[in-house]
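File shown: my_file09.cif (mmCIF, C-alpha atoms).
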```
data_final
loop_
_atom_site.label_atom_id
_atom_site.label_comp_id
_atom_site.auth_asym_id
_atom_site.auth_seq_id
_atom_site.Cartn_x
_atom_site.Cartn_y
_atom_site.Cartn_z
CA MET A 1 18.31 59.63 -19.43
CA LYS A 2 21.31 57.52 -18.53
CA ARG A 3 19.84 56.76 -15.12
CA ILE A 4 16.60 55.42 -16.65
CA ASN A 5 18.50 53.20 -19.07
CA LEU A 6 20.74 51.96 -16.25
CA ASN A 7 17.68 51.09 -14.11
CA LYS A 8 16.08 49.37 -17.09
CA SER A 9 19.30 47.47 -17.78
CA ILE A 10 19.55 46.33 -14.17
CA LEU A 11 15.89 45.29 -14.18
CA VAL A 12 16.22 43.38 -17.47
CA THR A 13 19.45 41.71 -16.28
CA ALA A 14 17.83 40.71 -12.98
CA LEU A 15 14.81 39.28 -14.82
CA VAL A 16 17.01 37.32 -17.22
CA ILE A 17 19.15 35.92 -14.37
CA GLY A 18 16.01 35.09 -12.39
CA ALA A 19 14.48 33.33 -15.39
CA LEU A 20 17.67 31.33 -15.98
CA VAL A 21 17.79 30.28 -12.33
CA VAL A 22 14.13 29.19 -12.41
CA ILE A 23 14.57 27.31 -15.70
CA SER A 24 17.78 25.68 -14.47
CA PHE A 25 16.15 24.64 -11.17
CA SER A 26 13.03 23.37 -12.94
CA ASN A 27 15.03 21.24 -15.34
CA SER A 28 17.26 19.75 -12.66
CA SER A 29 14.39 18.79 -10.40
CA LYS A 30 11.97 17.50 -13.02
CA SER A 31 10.58 14.15 -12.11
CA LYS A 32 11.69 11.28 -14.30
CA LYS A 33 9.33 8.46 -15.17
CA VAL A 34 10.45 4.97 -16.09
CA THR A 35 7.84 2.28 -16.78
CA ILE A 36 7.95 -1.47 -17.40
CA ASP A 37 5.48 -4.33 -17.66
CA TYR A 38 5.90 -6.94 -14.95
CA LYS A 39 3.71 -10.03 -14.52
CA SER A 40 0.65 -8.45 -16.19
CA SER A 41 1.05 -5.22 -14.24
CA VAL A 42 2.56 -1.81 -14.80
CA VAL A 43 5.59 -0.84 -12.71
CA SER A 44 6.78 2.77 -12.69
CA TYR A 45 9.29 5.06 -11.03
CA PHE A 46 8.54 8.72 -10.34
CA GLY A 47 11.42 10.76 -9.01
CA THR A 48 14.59 12.59 -9.83
CA ASN A 49 17.06 9.70 -9.65
CA SER A 50 18.42 7.88 -12.67
CA VAL A 51 16.62 4.54 -12.53
CA THR A 52 16.94 1.82 -15.13
CA LYS A 53 14.36 -0.74 -16.18
CA ALA A 54 16.60 -3.38 -14.56
CA ASP A 55 16.35 -1.44 -11.26
CA LEU A 56 12.56 -1.54 -11.54
CA VAL A 57 12.51 -5.27 -12.27
CA LYS A 58 14.76 -5.92 -9.26
CA GLN A 59 12.57 -3.92 -6.85
CA ALA A 60 9.33 -5.31 -8.35
CA LYS A 61 10.63 -8.84 -7.73
CA LEU A 62 11.37 -7.95 -4.09
CA ILE A 63 7.81 -6.65 -3.61
CA ASP A 64 6.51 -9.80 -5.32
CA ILE A 65 8.55 -11.92 -2.88
CA ALA A 66 7.05 -9.94 0.02
CA ASP A 67 3.53 -10.62 -1.34
CA ARG A 68 4.29 -14.36 -1.55
CA ARG A 69 5.68 -14.34 2.04
CA PHE A 70 2.41 -12.78 3.22
CA GLU A 71 0.36 -15.44 1.35
CA THR A 72 2.47 -18.25 2.85
CA LYS A 73 2.14 -16.89 6.37
CA TRP A 74 -1.63 -16.65 5.87
CA LYS A 75 -1.84 -20.23 4.58
CA ASN A 76 0.21 -21.36 7.61
CA LYS A 77 -2.18 -19.48 9.94
CA ASN A 78 0.67 -17.35 11.28
CA PRO A 79 -0.78 -13.98 12.39
CA LYS A 80 2.43 -13.00 14.21
CA GLY A 81 4.41 -13.65 11.05
CA ILE A 82 1.90 -11.63 9.03
CA SER A 83 2.22 -8.71 11.45
CA GLU A 84 6.00 -8.81 10.93
CA GLU A 85 5.41 -7.94 7.27
CA TYR A 86 4.50 -4.43 8.51
CA ILE A 87 6.94 -1.68 9.50
CA VAL A 88 8.08 -1.68 13.13
CA GLU A 89 6.72 1.79 14.03
CA GLY A 90 3.49 3.29 12.66
CA ALA A 91 1.97 0.45 10.64
CA VAL A 92 -1.72 0.84 9.73
CA PHE A 93 -4.18 -1.80 8.50
CA MET A 94 -7.68 -0.80 7.41
CA LYS A 95 -10.64 -2.87 6.33
CA PRO A 96 -14.30 -1.98 5.78
CA GLY A 97 -16.48 -1.49 8.84
CA VAL A 98 -13.67 -1.61 11.40
CA LYS A 99 -11.53 1.11 12.95
CA PRO A 100 -7.96 1.11 11.66
CA ARG A 101 -5.56 -1.31 13.34
CA LEU A 102 -2.49 0.61 14.48
CA GLY A 103 0.86 -1.07 15.09
CA ARG A 104 2.05 -4.63 14.78
CA ALA A 105 0.38 -5.90 17.97
CA ASP A 106 -3.05 -4.64 16.88
CA ILE A 107 -2.49 -5.97 13.35
CA GLU A 108 -1.56 -9.37 14.76
CA LYS A 109 -4.86 -9.44 16.69
CA GLU A 110 -6.73 -8.61 13.48
CA PHE A 111 -5.10 -11.42 11.53
CA THR A 112 -5.59 -13.89 14.39
CA GLU A 113 -9.29 -13.65 13.52
CA SER A 114 -8.92 -13.21 9.75
CA VAL A 115 -6.93 -16.42 9.17
CA LYS A 116 -9.70 -18.38 10.90
CA GLY A 117 -12.28 -17.38 8.30
CA VAL A 118 -10.17 -17.61 5.14
CA ASP A 119 -7.76 -20.51 4.56
CA ARG A 120 -5.58 -18.79 1.99
CA VAL A 121 -5.33 -15.66 -0.12
CA GLU A 122 -3.80 -14.93 -3.51
CA PHE A 123 -2.60 -11.46 -4.50
CA TYR A 124 -2.43 -10.18 -8.08
CA GLN A 125 -0.63 -6.92 -8.68
CA ASP A 126 -2.26 -4.39 -11.01
CA GLU A 127 0.22 -1.55 -10.62
CA LEU A 128 3.30 -0.70 -8.62
CA GLU A 129 4.87 2.75 -8.37
CA PHE A 130 8.21 3.61 -6.77
CA TYR A 131 9.09 7.08 -5.50
CA GLY A 132 12.01 9.11 -4.21
CA GLU A 133 15.11 7.05 -3.52
CA MET A 134 13.25 3.85 -4.50
CA ASP A 135 12.48 3.40 -0.80
CA VAL A 136 8.73 4.04 -0.97
CA ALA A 137 6.25 2.22 -3.20
CA PHE A 138 2.52 2.28 -3.84
CA GLN A 139 0.86 -0.97 -4.91
CA ARG A 140 -2.66 -1.59 -6.17
CA CYS A 141 -3.77 -5.21 -6.38
CA HIS A 142 -6.73 -7.49 -6.39
CA MET A 143 -7.04 -10.55 -4.23
CA LEU A 144 -8.93 -13.80 -3.96
CA GLY A 145 -9.77 -15.61 -0.72
CA PHE A 146 -10.36 -19.34 -0.42
CA VAL A 147 -12.16 -21.32 2.29
CA ASP A 148 -11.90 -25.04 3.04
CA THR A 149 -9.33 -25.49 0.25
CA LYS A 150 -12.07 -25.18 -2.37
CA LYS A 151 -10.78 -24.62 -5.88
CA GLU A 152 -13.16 -21.72 -6.44
CA HIS A 153 -12.55 -18.55 -4.45
CA THR A 154 -15.17 -17.32 -2.00
CA PHE A 155 -13.93 -13.76 -1.68
CA GLU A 156 -12.82 -11.07 -4.15
CA GLY A 157 -11.29 -7.80 -3.08
CA SER A 158 -9.02 -4.95 -4.04
CA TYR A 159 -6.35 -3.34 -1.93
CA ILE A 160 -3.70 -0.67 -1.86
CA ILE A 161 -0.47 -0.81 0.05
CA LEU A 162 2.12 1.82 0.79
CA TRP A 163 5.42 -0.02 1.10
CA LYS A 164 8.47 1.33 2.88
CA LYS A 165 11.98 -0.05 2.73
CA GLU A 166 13.19 -0.63 6.28
CA ASN A 167 16.71 -1.97 6.81
CA GLY A 168 16.82 -3.03 3.16
CA LYS A 169 13.55 -5.01 3.35
CA TRP A 170 10.21 -4.00 1.85
CA LEU A 171 7.57 -3.81 4.60
CA ILE A 172 3.98 -2.56 4.65
CA HIS A 173 3.36 0.89 6.07
CA TYR A 174 -0.33 1.39 5.14
CA ASP A 175 -2.64 -1.42 4.02
CA MET A 176 -6.27 -0.94 3.03
CA PHE A 177 -8.67 -3.28 1.22
CA ASN A 178 -12.29 -3.59 0.25
CA SER A 179 -14.59 -6.34 -0.91
CA ASP A 180 -15.40 -6.26 -4.62
CA LYS A 181 -18.48 -8.46 -4.34
#
```
Translate this file's structure into structure tokens.
Amino acid sequence: MKRINLNKSILVTALVIGALVVISFSNSSKSKKVTIDYKSSVVSYFGTNSVTKADLVKQAKLIDIADRRFETKWKNKNPKGISEEYIVEGAVFMKPGVKPRLGRADIEKEFTESVKGVDRVEFYQDELEFYGEMDVAFQRCHMLGFVDTKKEHTFEGSYIILWKKENGKWLIHYDMFNSDK
């Protein structure tokens, strides 16, 4: 009788300790979500770090600055400069009907042609999500393209970008867009 109770006690104790370990681990690794509104878009953080709304605003502003750099380089017809907005190793650019452009050199060739057909672009962020150590971000936006400096846009599209922080600077890792109309 004592042996059965001892085995049951050991089993119950092991189950309780196991449950406590699982609960403790689950609570410590639960993802935290912080969300703000920024320039008519939603900006969020998903991860385990303690991130404040001020941290989100700071990083959202840096991504916004990167978007404006890209627009300026496009307007200045600077495909090399545009390609430098992508990470050094492993950058990918995808557009409809064309095989993905891999690496900065291939992306520069793509934009050498693209800036000829569209004089300028404007990007409008819809959502921005940061992950991990706030060194990776996903951005969903819509864009307008203008030709011959007309006031009315001639192109509408949507795009997603996976940003990566490289040497403290936000650069594009994956970039994919489509035409909305």
**OP:** Identify all residues satisfying the PyMOL selection byres ((chain A and resi 129) around 6) in the given file; provide them as a VMD selection string.
**Re:** chain A and resid 43 to 45 128 130 137 to 138
**OP:** For the file shown, report as JSON, numbers by chain the outcome of the PyMOL selection byres ((chain A and resi 67) around 12) at residue level.
**Re:** {"A": [60, 61, 62, 63, 64, 65, 66, 68, 69, 70, 71, 72, 73, 74, 82, 85, 86, 121, 122, 123, 124, 125, 139, 140, 141, 142, 143, 161, 163, 170, 171, 172]}
**OP:** Would you list the contacts of Phe46 of chain A as number ranges by chain, taking every protein, DNA or RNA residue within 7 Å and counting only C-alpha atoms, but skipping same-chain residues closer than 4 positions in sequence?
**Re:** A: 31-33, 130-131
**OP:** Could you tell me how far atom CA of Asp119 of chain A lies from atom CA of Val92 of chain A, in Å and to one decimal?
**Re:**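 So the answer is 22.8 Å.
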Original post:
Which of these residues is nearest to Lys165 of chain A, using all atoms listed in the file: A:Phe177, A:Gly145, A:His153, A:Gln59?
Top reply: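 Ranked by minimum distance to Lys165 of chain A, first place goes to A:Gln59.
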Original post:
With all atoms listed in the file as the basis for distance, which of A:Thr35, A:Thr48, A:Ser158, A:Asn78 is at the shortest distance from Glu133 of chain A?
Top reply: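 Answer, going by the shortest atom-to-atom distance: A:Thr48.
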**OP:** On this file, the PyMOL selection byres ((chain A and resi 53) around 8) gives some set of residues; write that set as a list in words.
**Re:**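 Output from the PyMOL selection byres ((chain A and resi 53) around 8), applied to this file: Val34, Thr35, Ile36, Val51, Thr52, Ala54, Asp55, Leu56 and Val57 of chain A.
The space between atom CA of Val98 of chain A and atom CA of Asn76 of chain A spans 24.4 Å.
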Using the file's own x, y and z axes, what box holds all listed atoms of segment 60-72 of chain A with 5 Å on each side, keeping edges along x, y and z, and what are its centre and edge lengths in Å to one decimal, as AutoDock Vina command-line options?
```
--center_x 5.9 --center_y -11.8 --center_z -2.6 --size_x 21.0 --size_y 22.9 --size_z 21.6
```
